[in-house]
$ cat upload-v6.txt   # compact mmCIF, N, CA and C atoms
# COMPACT_ATOMS: atom_id res chain seq x y z
N HIS A 1 0.85 -1.20 0.00
CA HIS A 1 0.00 0.00 0.00
C HIS A 1 0.88 1.25 0.00
N SER A 2 0.35 2.31 -0.56
CA SER A 2 1.18 3.53 -0.63
C SER A 2 1.20 4.18 0.75
N ARG A 3 2.36 4.61 1.15
CA ARG A 3 2.51 5.18 2.48
C ARG A 3 2.49 6.70 2.38
N PHE A 4 1.51 7.28 3.01
CA PHE A 4 1.36 8.74 3.03
C PHE A 4 2.10 9.26 4.24
N LYS A 5 3.20 9.94 4.00
CA LYS A 5 3.99 10.46 5.12
C LYS A 5 3.80 11.97 5.18
N GLN A 6 3.76 12.47 6.38
CA GLN A 6 3.60 13.89 6.59
C GLN A 6 4.79 14.40 7.37
N GLN A 7 5.31 15.51 6.92
CA GLN A 7 6.43 16.11 7.65
C GLN A 7 5.87 16.75 8.92
N ILE A 8 6.33 16.26 10.04
CA ILE A 8 5.89 16.84 11.31
C ILE A 8 7.15 17.20 12.07
N GLY A 9 7.38 18.48 12.21
CA GLY A 9 8.64 18.91 12.82
C GLY A 9 9.78 18.41 11.96
N ASP A 10 10.72 17.69 12.57
CA ASP A 10 11.88 17.19 11.83
C ASP A 10 11.64 15.81 11.26
N GLY A 11 10.64 15.09 11.80
CA GLY A 11 10.45 13.70 11.42
C GLY A 11 9.32 13.49 10.44
N ARG A 12 8.99 12.24 10.24
CA ARG A 12 7.91 11.89 9.33
C ARG A 12 6.98 10.90 10.02
N VAL A 13 5.69 11.17 9.92
CA VAL A 13 4.69 10.30 10.54
C VAL A 13 3.61 10.06 9.49
N ASP A 14 3.16 8.81 9.34
CA ASP A 14 2.15 8.60 8.30
C ASP A 14 0.73 8.65 8.84
N ARG A 15 -0.21 8.58 7.93
CA ARG A 15 -1.63 8.78 8.25
C ARG A 15 -2.13 7.74 9.26
N LEU A 16 -1.66 6.52 9.10
CA LEU A 16 -2.04 5.45 10.03
C LEU A 16 -1.59 5.80 11.45
N ALA A 17 -0.36 6.30 11.57
CA ALA A 17 0.15 6.68 12.89
C ALA A 17 -0.73 7.77 13.51
N LEU A 18 -1.14 8.73 12.69
CA LEU A 18 -2.00 9.81 13.19
C LEU A 18 -3.37 9.27 13.62
N MET A 19 -3.86 8.27 12.89
CA MET A 19 -5.13 7.65 13.25
C MET A 19 -5.01 6.95 14.60
N LEU A 20 -3.90 6.24 14.81
CA LEU A 20 -3.66 5.56 16.08
C LEU A 20 -3.56 6.58 17.22
N LEU A 21 -2.85 7.67 16.96
CA LEU A 21 -2.70 8.73 17.97
C LEU A 21 -4.07 9.32 18.31
N GLY A 22 -4.88 9.55 17.29
CA GLY A 22 -6.23 10.08 17.51
C GLY A 22 -7.08 9.14 18.34
N THR A 23 -6.95 7.83 18.08
CA THR A 23 -7.69 6.82 18.84
C THR A 23 -7.27 6.85 20.31
N LEU A 24 -5.96 6.92 20.54
CA LEU A 24 -5.46 6.99 21.93
C LEU A 24 -5.95 8.24 22.63
N SER A 25 -5.94 9.35 21.92
CA SER A 25 -6.37 10.62 22.52
C SER A 25 -7.86 10.57 22.84
N HIS A 26 -8.63 9.96 21.95
CA HIS A 26 -10.09 9.91 22.10
C HIS A 26 -10.51 8.89 23.15
N CYS A 27 -9.89 7.72 23.14
CA CYS A 27 -10.33 6.61 24.00
C CYS A 27 -9.51 6.47 25.27
N GLY A 28 -8.43 7.23 25.39
CA GLY A 28 -7.59 7.14 26.58
C GLY A 28 -6.51 6.08 26.44
N PRO A 29 -5.61 6.00 27.42
CA PRO A 29 -4.47 5.08 27.34
C PRO A 29 -4.92 3.63 27.18
N CYS A 30 -4.19 2.87 26.39
CA CYS A 30 -4.47 1.44 26.28
C CYS A 30 -3.22 0.69 25.84
N ARG A 31 -3.28 -0.64 25.95
CA ARG A 31 -2.17 -1.48 25.53
C ARG A 31 -2.09 -1.54 24.02
N LEU A 32 -0.92 -1.87 23.51
CA LEU A 32 -0.71 -1.97 22.07
C LEU A 32 -1.68 -2.98 21.45
N SER A 33 -1.87 -4.13 22.08
CA SER A 33 -2.76 -5.16 21.53
C SER A 33 -4.20 -4.64 21.43
N ALA A 34 -4.65 -3.90 22.45
CA ALA A 34 -6.01 -3.34 22.44
C ALA A 34 -6.14 -2.26 21.37
N LEU A 35 -5.09 -1.46 21.19
CA LEU A 35 -5.09 -0.41 20.17
C LEU A 35 -5.18 -1.04 18.79
N ALA A 36 -4.40 -2.09 18.56
CA ALA A 36 -4.41 -2.79 17.27
C ALA A 36 -5.81 -3.35 16.99
N GLU A 37 -6.39 -3.98 18.01
CA GLU A 37 -7.72 -4.58 17.85
C GLU A 37 -8.77 -3.51 17.57
N ARG A 38 -8.70 -2.42 18.32
CA ARG A 38 -9.69 -1.34 18.18
C ARG A 38 -9.64 -0.73 16.78
N CYS A 39 -8.44 -0.64 16.20
CA CYS A 39 -8.28 0.00 14.89
C CYS A 39 -8.30 -1.01 13.74
N GLY A 40 -8.30 -2.31 14.08
CA GLY A 40 -8.37 -3.34 13.05
C GLY A 40 -7.07 -3.58 12.31
N PHE A 41 -5.93 -3.38 12.99
CA PHE A 41 -4.64 -3.59 12.35
C PHE A 41 -3.85 -4.68 13.05
N ASP A 42 -2.88 -5.21 12.35
CA ASP A 42 -1.96 -6.20 12.88
C ASP A 42 -1.08 -5.55 13.96
N PRO A 43 -0.86 -6.22 15.09
CA PRO A 43 -0.01 -5.63 16.15
C PRO A 43 1.39 -5.22 15.67
N SER A 44 1.97 -5.95 14.72
CA SER A 44 3.31 -5.59 14.24
C SER A 44 3.29 -4.26 13.48
N THR A 45 2.21 -4.02 12.73
CA THR A 45 2.03 -2.74 12.02
C THR A 45 1.91 -1.61 13.03
N VAL A 46 1.07 -1.83 14.04
CA VAL A 46 0.85 -0.82 15.08
C VAL A 46 2.14 -0.54 15.83
N SER A 47 2.91 -1.59 16.09
CA SER A 47 4.18 -1.44 16.81
C SER A 47 5.14 -0.50 16.07
N ARG A 48 5.21 -0.62 14.75
CA ARG A 48 6.08 0.27 13.95
C ARG A 48 5.60 1.72 14.04
N GLN A 49 4.28 1.89 13.93
CA GLN A 49 3.71 3.25 14.00
C GLN A 49 3.95 3.86 15.37
N VAL A 50 3.78 3.06 16.40
CA VAL A 50 3.98 3.52 17.78
C VAL A 50 5.43 3.97 17.97
N ALA A 51 6.36 3.21 17.40
CA ALA A 51 7.78 3.58 17.50
C ALA A 51 8.03 4.94 16.83
N ASP A 52 7.41 5.16 15.65
CA ASP A 52 7.54 6.45 14.95
C ASP A 52 6.97 7.58 15.80
N LEU A 53 5.78 7.36 16.35
CA LEU A 53 5.12 8.39 17.17
C LEU A 53 5.94 8.71 18.41
N GLU A 54 6.51 7.68 19.00
CA GLU A 54 7.31 7.88 20.21
C GLU A 54 8.58 8.67 19.89
N LYS A 55 9.18 8.34 18.76
CA LYS A 55 10.41 9.03 18.32
C LYS A 55 10.15 10.53 18.12
N GLU A 56 8.94 10.84 17.66
CA GLU A 56 8.57 12.25 17.43
C GLU A 56 8.06 12.93 18.71
N GLY A 57 7.98 12.18 19.81
CA GLY A 57 7.50 12.76 21.07
C GLY A 57 6.00 12.97 21.11
N LEU A 58 5.27 12.27 20.23
CA LEU A 58 3.82 12.44 20.15
C LEU A 58 3.08 11.43 21.01
N LEU A 59 3.79 10.41 21.48
CA LEU A 59 3.20 9.33 22.24
C LEU A 59 4.09 9.00 23.42
N GLU A 60 3.48 8.61 24.53
CA GLU A 60 4.24 8.23 25.73
C GLU A 60 3.81 6.84 26.19
N ARG A 61 4.69 6.19 26.91
CA ARG A 61 4.38 4.89 27.51
C ARG A 61 4.24 5.09 29.02
N ALA A 62 3.31 4.34 29.62
CA ALA A 62 3.12 4.38 31.07
C ALA A 62 2.89 2.95 31.54
N THR A 63 3.19 2.69 32.80
CA THR A 63 2.94 1.37 33.36
C THR A 63 1.46 1.23 33.69
N ASP A 64 0.90 0.08 33.35
CA ASP A 64 -0.52 -0.19 33.63
C ASP A 64 -0.68 -0.38 35.14
N PRO A 65 -1.49 0.46 35.80
CA PRO A 65 -1.66 0.33 37.25
C PRO A 65 -2.29 -1.02 37.65
N ASP A 66 -3.06 -1.64 36.73
CA ASP A 66 -3.69 -2.93 37.03
C ASP A 66 -2.73 -4.10 36.85
N ASP A 67 -1.68 -3.90 36.04
CA ASP A 67 -0.72 -4.98 35.78
C ASP A 67 0.64 -4.34 35.55
N ARG A 68 1.47 -4.34 36.55
CA ARG A 68 2.75 -3.61 36.51
C ARG A 68 3.67 -4.04 35.37
N ARG A 69 3.44 -5.26 34.82
CA ARG A 69 4.29 -5.73 33.72
C ARG A 69 3.84 -5.15 32.38
N ALA A 70 2.60 -4.71 32.32
CA ALA A 70 2.05 -4.24 31.05
C ALA A 70 2.32 -2.75 30.84
N VAL A 71 2.37 -2.37 29.58
CA VAL A 71 2.63 -0.98 29.21
C VAL A 71 1.39 -0.39 28.55
N LEU A 72 1.03 0.81 28.98
CA LEU A 72 -0.06 1.55 28.35
C LEU A 72 0.52 2.62 27.44
N LEU A 73 -0.11 2.82 26.30
CA LEU A 73 0.29 3.88 25.37
C LEU A 73 -0.69 5.04 25.52
N LYS A 74 -0.16 6.25 25.46
CA LYS A 74 -1.06 7.42 25.51
C LYS A 74 -0.47 8.57 24.71
N ALA A 75 -1.37 9.43 24.22
CA ALA A 75 -0.93 10.61 23.48
C ALA A 75 -0.22 11.54 24.46
N SER A 76 0.93 12.06 24.05
CA SER A 76 1.67 13.02 24.89
C SER A 76 1.02 14.39 24.75
N PRO A 77 1.37 15.35 25.62
CA PRO A 77 0.84 16.71 25.45
C PRO A 77 1.14 17.26 24.04
N LYS A 78 2.35 17.00 23.53
CA LYS A 78 2.71 17.44 22.17
C LYS A 78 1.80 16.77 21.14
N GLY A 79 1.52 15.48 21.34
CA GLY A 79 0.63 14.74 20.43
C GLY A 79 -0.78 15.30 20.45
N LYS A 80 -1.27 15.64 21.65
CA LYS A 80 -2.62 16.21 21.77
C LYS A 80 -2.71 17.58 21.09
N ARG A 81 -1.64 18.38 21.24
CA ARG A 81 -1.63 19.69 20.57
C ARG A 81 -1.65 19.53 19.06
N LEU A 82 -0.90 18.57 18.54
CA LEU A 82 -0.88 18.31 17.10
C LEU A 82 -2.29 17.92 16.63
N LEU A 83 -2.93 17.01 17.34
CA LEU A 83 -4.28 16.58 16.95
C LEU A 83 -5.26 17.74 16.97
N GLN A 84 -5.14 18.62 17.97
CA GLN A 84 -6.02 19.80 18.03
C GLN A 84 -5.82 20.70 16.81
N ARG A 85 -4.55 20.90 16.42
CA ARG A 85 -4.26 21.72 15.23
C ARG A 85 -4.85 21.08 13.97
N LEU A 86 -4.68 19.76 13.85
CA LEU A 86 -5.19 19.05 12.68
C LEU A 86 -6.72 19.12 12.62
N GLN A 87 -7.38 18.97 13.79
CA GLN A 87 -8.85 19.03 13.84
C GLN A 87 -9.35 20.42 13.47
N ALA A 88 -8.68 21.45 13.99
CA ALA A 88 -9.09 22.83 13.69
C ALA A 88 -8.93 23.10 12.20
N GLY A 89 -7.82 22.66 11.62
CA GLY A 89 -7.58 22.85 10.19
C GLY A 89 -8.60 22.11 9.35
N SER A 90 -8.92 20.90 9.76
CA SER A 90 -9.89 20.08 9.05
C SER A 90 -11.28 20.75 9.06
N ARG A 91 -11.64 21.30 10.25
CA ARG A 91 -12.92 21.99 10.38
C ARG A 91 -12.98 23.20 9.45
N GLN A 92 -11.89 23.97 9.41
CA GLN A 92 -11.83 25.15 8.53
C GLN A 92 -11.99 24.75 7.07
N ARG A 93 -11.31 23.67 6.66
CA ARG A 93 -11.40 23.24 5.26
C ARG A 93 -12.80 22.77 4.92
N MET A 94 -13.44 22.06 5.86
CA MET A 94 -14.81 21.59 5.64
C MET A 94 -15.76 22.78 5.53
N GLN A 95 -15.61 23.77 6.41
CA GLN A 95 -16.46 24.97 6.35
C GLN A 95 -16.28 25.71 5.03
N ARG A 96 -15.05 25.75 4.54
CA ARG A 96 -14.77 26.41 3.25
C ARG A 96 -15.51 25.69 2.13
N MET A 97 -15.45 24.34 2.13
CA MET A 97 -16.08 23.56 1.05
C MET A 97 -17.60 23.64 1.10
N LEU A 98 -18.17 23.70 2.32
CA LEU A 98 -19.63 23.68 2.46
C LEU A 98 -20.20 25.09 2.65
N GLY A 99 -19.36 26.08 2.44
CA GLY A 99 -19.75 27.47 2.69
C GLY A 99 -21.02 27.92 2.00
N ASP A 100 -21.27 27.42 0.77
CA ASP A 100 -22.45 27.88 0.04
C ASP A 100 -23.57 26.83 0.04
N TRP A 101 -23.47 25.82 0.91
CA TRP A 101 -24.53 24.82 1.04
C TRP A 101 -25.59 25.34 2.01
N THR A 102 -26.85 24.98 1.76
CA THR A 102 -27.92 25.35 2.70
C THR A 102 -27.89 24.38 3.88
N GLU A 103 -28.56 24.77 4.96
CA GLU A 103 -28.68 23.89 6.14
C GLU A 103 -29.29 22.55 5.73
N GLU A 104 -30.32 22.62 4.86
CA GLU A 104 -31.02 21.41 4.42
C GLU A 104 -30.08 20.49 3.64
N GLU A 105 -29.26 21.06 2.77
CA GLU A 105 -28.30 20.27 1.98
C GLU A 105 -27.28 19.59 2.90
N ILE A 106 -26.80 20.33 3.88
CA ILE A 106 -25.82 19.77 4.83
C ILE A 106 -26.46 18.64 5.62
N SER A 107 -27.70 18.83 6.05
CA SER A 107 -28.43 17.82 6.81
C SER A 107 -28.64 16.56 5.98
N THR A 108 -29.05 16.73 4.72
CA THR A 108 -29.26 15.59 3.81
C THR A 108 -27.95 14.85 3.58
N PHE A 109 -26.90 15.60 3.34
CA PHE A 109 -25.58 15.00 3.11
C PHE A 109 -25.13 14.20 4.32
N ALA A 110 -25.32 14.75 5.51
CA ALA A 110 -24.92 14.06 6.74
C ALA A 110 -25.67 12.75 6.90
N THR A 111 -26.99 12.77 6.59
CA THR A 111 -27.81 11.55 6.67
C THR A 111 -27.30 10.50 5.68
N LEU A 112 -27.06 10.91 4.43
CA LEU A 112 -26.61 9.98 3.40
C LEU A 112 -25.21 9.46 3.69
N LEU A 113 -24.35 10.32 4.19
CA LEU A 113 -22.99 9.90 4.55
C LEU A 113 -23.05 8.87 5.68
N GLY A 114 -23.95 9.10 6.64
CA GLY A 114 -24.14 8.14 7.72
C GLY A 114 -24.57 6.78 7.19
N ARG A 115 -25.48 6.79 6.21
CA ARG A 115 -25.93 5.52 5.60
C ARG A 115 -24.78 4.84 4.86
N LEU A 116 -23.99 5.62 4.14
CA LEU A 116 -22.85 5.06 3.40
C LEU A 116 -21.84 4.44 4.37
N ASN A 117 -21.55 5.14 5.47
CA ASN A 117 -20.62 4.62 6.48
C ASN A 117 -21.15 3.34 7.11
N ALA A 118 -22.43 3.30 7.39
CA ALA A 118 -23.04 2.10 7.99
C ALA A 118 -22.94 0.92 7.02
N ALA A 119 -23.21 1.16 5.73
CA ALA A 119 -23.12 0.10 4.72
C ALA A 119 -21.67 -0.36 4.57
N SER A 120 -20.75 0.59 4.62
CA SER A 120 -19.33 0.29 4.51
C SER A 120 -18.90 -0.62 5.66
N GLU A 121 -19.39 -0.31 6.85
CA GLU A 121 -19.10 -1.11 8.05
C GLU A 121 -19.69 -2.52 7.91
N LYS A 122 -20.94 -2.58 7.45
CA LYS A 122 -21.65 -3.85 7.31
C LYS A 122 -20.94 -4.81 6.35
N TYR A 123 -20.45 -4.26 5.23
CA TYR A 123 -19.86 -5.11 4.18
C TYR A 123 -18.33 -5.12 4.23
N PHE A 124 -17.75 -4.55 5.29
CA PHE A 124 -16.29 -4.39 5.35
C PHE A 124 -15.54 -5.71 5.11
N ASP A 125 -15.90 -6.76 5.86
CA ASP A 125 -15.19 -8.04 5.75
C ASP A 125 -15.36 -8.66 4.36
N GLN A 126 -16.58 -8.61 3.84
CA GLN A 126 -16.84 -9.16 2.51
C GLN A 126 -16.02 -8.41 1.45
N HIS A 127 -16.00 -7.09 1.53
CA HIS A 127 -15.25 -6.29 0.56
C HIS A 127 -13.76 -6.55 0.67
N ALA A 128 -13.27 -6.71 1.91
CA ALA A 128 -11.85 -6.99 2.11
C ALA A 128 -11.47 -8.32 1.46
N ARG A 129 -12.34 -9.35 1.63
CA ARG A 129 -12.09 -10.66 1.01
C ARG A 129 -12.08 -10.54 -0.51
N GLU A 130 -13.06 -9.82 -1.07
CA GLU A 130 -13.14 -9.66 -2.52
C GLU A 130 -11.91 -8.93 -3.06
N LEU A 131 -11.50 -7.89 -2.36
CA LEU A 131 -10.33 -7.13 -2.78
C LEU A 131 -9.09 -8.04 -2.79
N GLN A 132 -8.98 -8.86 -1.75
CA GLN A 132 -7.84 -9.79 -1.66
C GLN A 132 -7.85 -10.75 -2.85
N GLN A 133 -9.03 -11.25 -3.21
CA GLN A 133 -9.14 -12.16 -4.36
C GLN A 133 -8.76 -11.44 -5.65
N GLU A 134 -9.23 -10.21 -5.81
CA GLU A 134 -8.91 -9.43 -7.01
C GLU A 134 -7.41 -9.19 -7.13
N LEU A 135 -6.76 -8.91 -5.98
CA LEU A 135 -5.33 -8.67 -5.99
C LEU A 135 -4.56 -9.95 -6.31
N ASN A 136 -5.03 -11.08 -5.80
CA ASN A 136 -4.31 -12.34 -5.95
C ASN A 136 -4.53 -13.01 -7.30
N HIS A 137 -5.69 -12.76 -7.91
CA HIS A 137 -6.02 -13.51 -9.12
C HIS A 137 -6.15 -12.60 -10.35
N GLY A 138 -5.59 -11.40 -10.27
CA GLY A 138 -5.69 -10.48 -11.39
C GLY A 138 -4.75 -10.88 -12.46
$ encode --input "upload-v6.txt" --output "structure tokens"
Amino acid sequence: HSRFKQQIGDGRVDRLALMLLGTLSHCGPCRLSALAERCGFDPSTVSRQVADLEKEGLLERATDPDDRRAVLLKASPKGKRLLQRLQAGSRQRMQRMLGDWTEEEISTFATLLGRLNAASEKYFDQHARELQQELNHG
């Protein structure tokens, strides 16, 4: 798959890493295995992304108070500030694109987008299998 890397400070972090960071920020600290499961990725993939995020100072490790041997991952203050900047920028871009839409159009679009997302979720596994077949037997 093509890797989308973004220059962040001096380093490079890809979109998947930012998604993982966002999940940690939104859902709170969790173990790597739980993060991988929550986002639907292989733990080895998540491990690489976590290493990148940690190198950039966007993620921190803490000891799990329930199990001293386990490590919890959490967004660092720097990571949270980055996510806030990205969210604010995203909101501005969305407002720019929808600037001349009526309230009714925005409402209709939100409803239809919700239906599309629900259908996407429902057929996710089937589509993933089909895509794998197409890639393997093309």
$ closest_residue --input "upload-v6.txt" --among "A:Leu16, A:Leu21, A:Ala62, A:Leu98" --to "Phe41 of chain A" --atoms "only C-alpha atoms"
A:Leu16
$ atom_distance --input "upload-v6.txt" --atom1 "atom N of Ser120 of chain A" --atom2 "atom CA of Leu82 of chain A"
29.4 Å
$ select_by_dssp --input "upload-v6.txt" --residues "chain A" --states "strand (DSSP E or B)" --output "PyMOL selection string"
chain A and resi 5-8+11-14+30+59-64+67-75
$ select_by_dssp --input "upload-v6.txt" --residues "segment 26-106 of chain A" --states "helix (DSSP H, G or I)" --output "ChimeraX atom specification"
/A:26-27,32-39,43-55,77-97,103-106
$ atom_distance --input "upload-v6.txt" --atom1 "atom CA of Ser25 of chain A" --atom2 "atom N of Ala70 of chain A"
20.3 Å
$ residues_around --input "upload-v6.txt" --residues "Thr45 of chain A" --least-positions-apart "4" --cutoff "12 Å" --atoms "only C-alpha atoms" --output "list in words"
Asp14, Leu16, Ala17, Leu20, Leu32, Ser33, Leu35, Ala36, Glu37, Cys39, Gly40, Phe41, Gln49, Val50, Ala51 and Asp52 of chain A
$ residues_around --input "upload-v6.txt" --residues "Asp64 of chain A" --least-positions-apart "6" --cutoff "12 Å" --atoms "only C-alpha atoms" --output "number ranges by chain"
A: 29-32, 70-74
$ decode --input "upload-v6.txt" --residues "segment 66-87 of chain A" --atoms "N, CA and C atoms" --output "PDB file, in the first residue's frame"
ATOM      1  N   ASP A  66      -3.058  -1.636  36.731  1.00  0.00           N
ATOM      2  CA  ASP A  66      -3.690  -2.928  37.026  1.00  0.00           C
ATOM      3  C   ASP A  66      -2.727  -4.105  36.849  1.00  0.00           C
ATOM      4  N   ASP A  67      -1.676  -3.903  36.037  1.00  0.00           N
ATOM      5  CA  ASP A  67      -0.720  -4.983  35.776  1.00  0.00           C
ATOM      6  C   ASP A  67       0.640  -4.342  35.548  1.00  0.00           C
ATOM      7  N   ARG A  68       1.470  -4.340  36.549  1.00  0.00           N
ATOM      8  CA  ARG A  68       2.754  -3.607  36.514  1.00  0.00           C
ATOM      9  C   ARG A  68       3.675  -4.044  35.373  1.00  0.00           C
ATOM     10  N   ARG A  69       3.435  -5.259  34.822  1.00  0.00           N
ATOM     11  CA  ARG A  69       4.286  -5.733  33.722  1.00  0.00           C
ATOM     12  C   ARG A  69       3.845  -5.155  32.381  1.00  0.00           C
ATOM     13  N   ALA A  70       2.605  -4.708  32.321  1.00  0.00           N
ATOM     14  CA  ALA A  70       2.046  -4.236  31.047  1.00  0.00           C
ATOM     15  C   ALA A  70       2.315  -2.748  30.844  1.00  0.00           C
ATOM     16  N   VAL A  71       2.365  -2.373  29.582  1.00  0.00           N
ATOM     17  CA  VAL A  71       2.630  -0.979  29.211  1.00  0.00           C
ATOM     18  C   VAL A  71       1.394  -0.386  28.555  1.00  0.00           C
ATOM     19  N   LEU A  72       1.028   0.814  28.981  1.00  0.00           N
ATOM     20  CA  LEU A  72      -0.062   1.549  28.351  1.00  0.00           C
ATOM     21  C   LEU A  72       0.525   2.620  27.441  1.00  0.00           C
ATOM     22  N   LEU A  73      -0.108   2.824  26.302  1.00  0.00           N
ATOM     23  CA  LEU A  73       0.290   3.876  25.374  1.00  0.00           C
ATOM     24  C   LEU A  73      -0.685   5.037  25.520  1.00  0.00           C
ATOM     25  N   LYS A  74      -0.165   6.254  25.459  1.00  0.00           N
ATOM     26  CA  LYS A  74      -1.062   7.417  25.512  1.00  0.00           C
ATOM     27  C   LYS A  74      -0.470   8.571  24.706  1.00  0.00           C
ATOM     28  N   ALA A  75      -1.367   9.431  24.224  1.00  0.00           N
ATOM     29  CA  ALA A  75      -0.931  10.614  23.485  1.00  0.00           C
ATOM     30  C   ALA A  75      -0.216  11.543  24.463  1.00  0.00           C
ATOM     31  N   SER A  76       0.935  12.061  24.048  1.00  0.00           N
ATOM     32  CA  SER A  76       1.666  13.019  24.888  1.00  0.00           C
ATOM     33  C   SER A  76       1.016  14.391  24.754  1.00  0.00           C
ATOM     34  N   PRO A  77       1.371  15.346  25.617  1.00  0.00           N
ATOM     35  CA  PRO A  77       0.843  16.710  25.446  1.00  0.00           C
ATOM     36  C   PRO A  77       1.142  17.263  24.042  1.00  0.00           C
ATOM     37  N   LYS A  78       2.351  16.997  23.533  1.00  0.00           N
ATOM     38  CA  LYS A  78       2.715  17.437  22.171  1.00  0.00           C
ATOM     39  C   LYS A  78       1.802  16.770  21.140  1.00  0.00           C
ATOM     40  N   GLY A  79       1.516  15.476  21.340  1.00  0.00           N
ATOM     41  CA  GLY A  79       0.627  14.745  20.435  1.00  0.00           C
ATOM     42  C   GLY A  79      -0.778  15.297  20.448  1.00  0.00           C
ATOM     43  N   LYS A  80      -1.268  15.638  21.648  1.00  0.00           N
ATOM     44  CA  LYS A  80      -2.620  16.207  21.766  1.00  0.00           C
ATOM     45  C   LYS A  80      -2.706  17.575  21.089  1.00  0.00           C
ATOM     46  N   ARG A  81      -1.637  18.379  21.239  1.00  0.00           N
ATOM     47  CA  ARG A  81      -1.631  19.692  20.571  1.00  0.00           C
ATOM     48  C   ARG A  81      -1.648  19.532  19.056  1.00  0.00           C
ATOM     49  N   LEU A  82      -0.900  18.572  18.542  1.00  0.00           N
ATOM     50  CA  LEU A  82      -0.883  18.312  17.100  1.00  0.00           C
ATOM     51  C   LEU A  82      -2.285  17.921  16.627  1.00  0.00           C
ATOM     52  N   LEU A  83      -2.933  17.008  17.339  1.00  0.00           N
ATOM     53  CA  LEU A  83      -4.278  16.576  16.954  1.00  0.00           C
ATOM     54  C   LEU A  83      -5.263  17.739  16.969  1.00  0.00           C
ATOM     55  N   GLN A  84      -5.137  18.623  17.967  1.00  0.00           N
ATOM     56  CA  GLN A  84      -6.020  19.801  18.031  1.00  0.00           C
ATOM     57  C   GLN A  84      -5.819  20.702  16.808  1.00  0.00           C
ATOM     58  N   ARG A  85      -4.549  20.902  16.421  1.00  0.00           N
ATOM     59  CA  ARG A  85      -4.260  21.720  15.225  1.00  0.00           C
ATOM     60  C   ARG A  85      -4.847  21.079  13.969  1.00  0.00           C
ATOM     61  N   LEU A  86      -4.682  19.765  13.853  1.00  0.00           N
ATOM     62  CA  LEU A  86      -5.194  19.050  12.679  1.00  0.00           C
ATOM     63  C   LEU A  86      -6.721  19.116  12.625  1.00  0.00           C
ATOM     64  N   GLN A  87      -7.383  18.971  13.794  1.00  0.00           N
ATOM     65  CA  GLN A  87      -8.852  19.034  13.837  1.00  0.00           C
ATOM     66  C   GLN A  87      -9.354  20.423  13.469  1.00  0.00           C
TER      67      GLN A  87
END
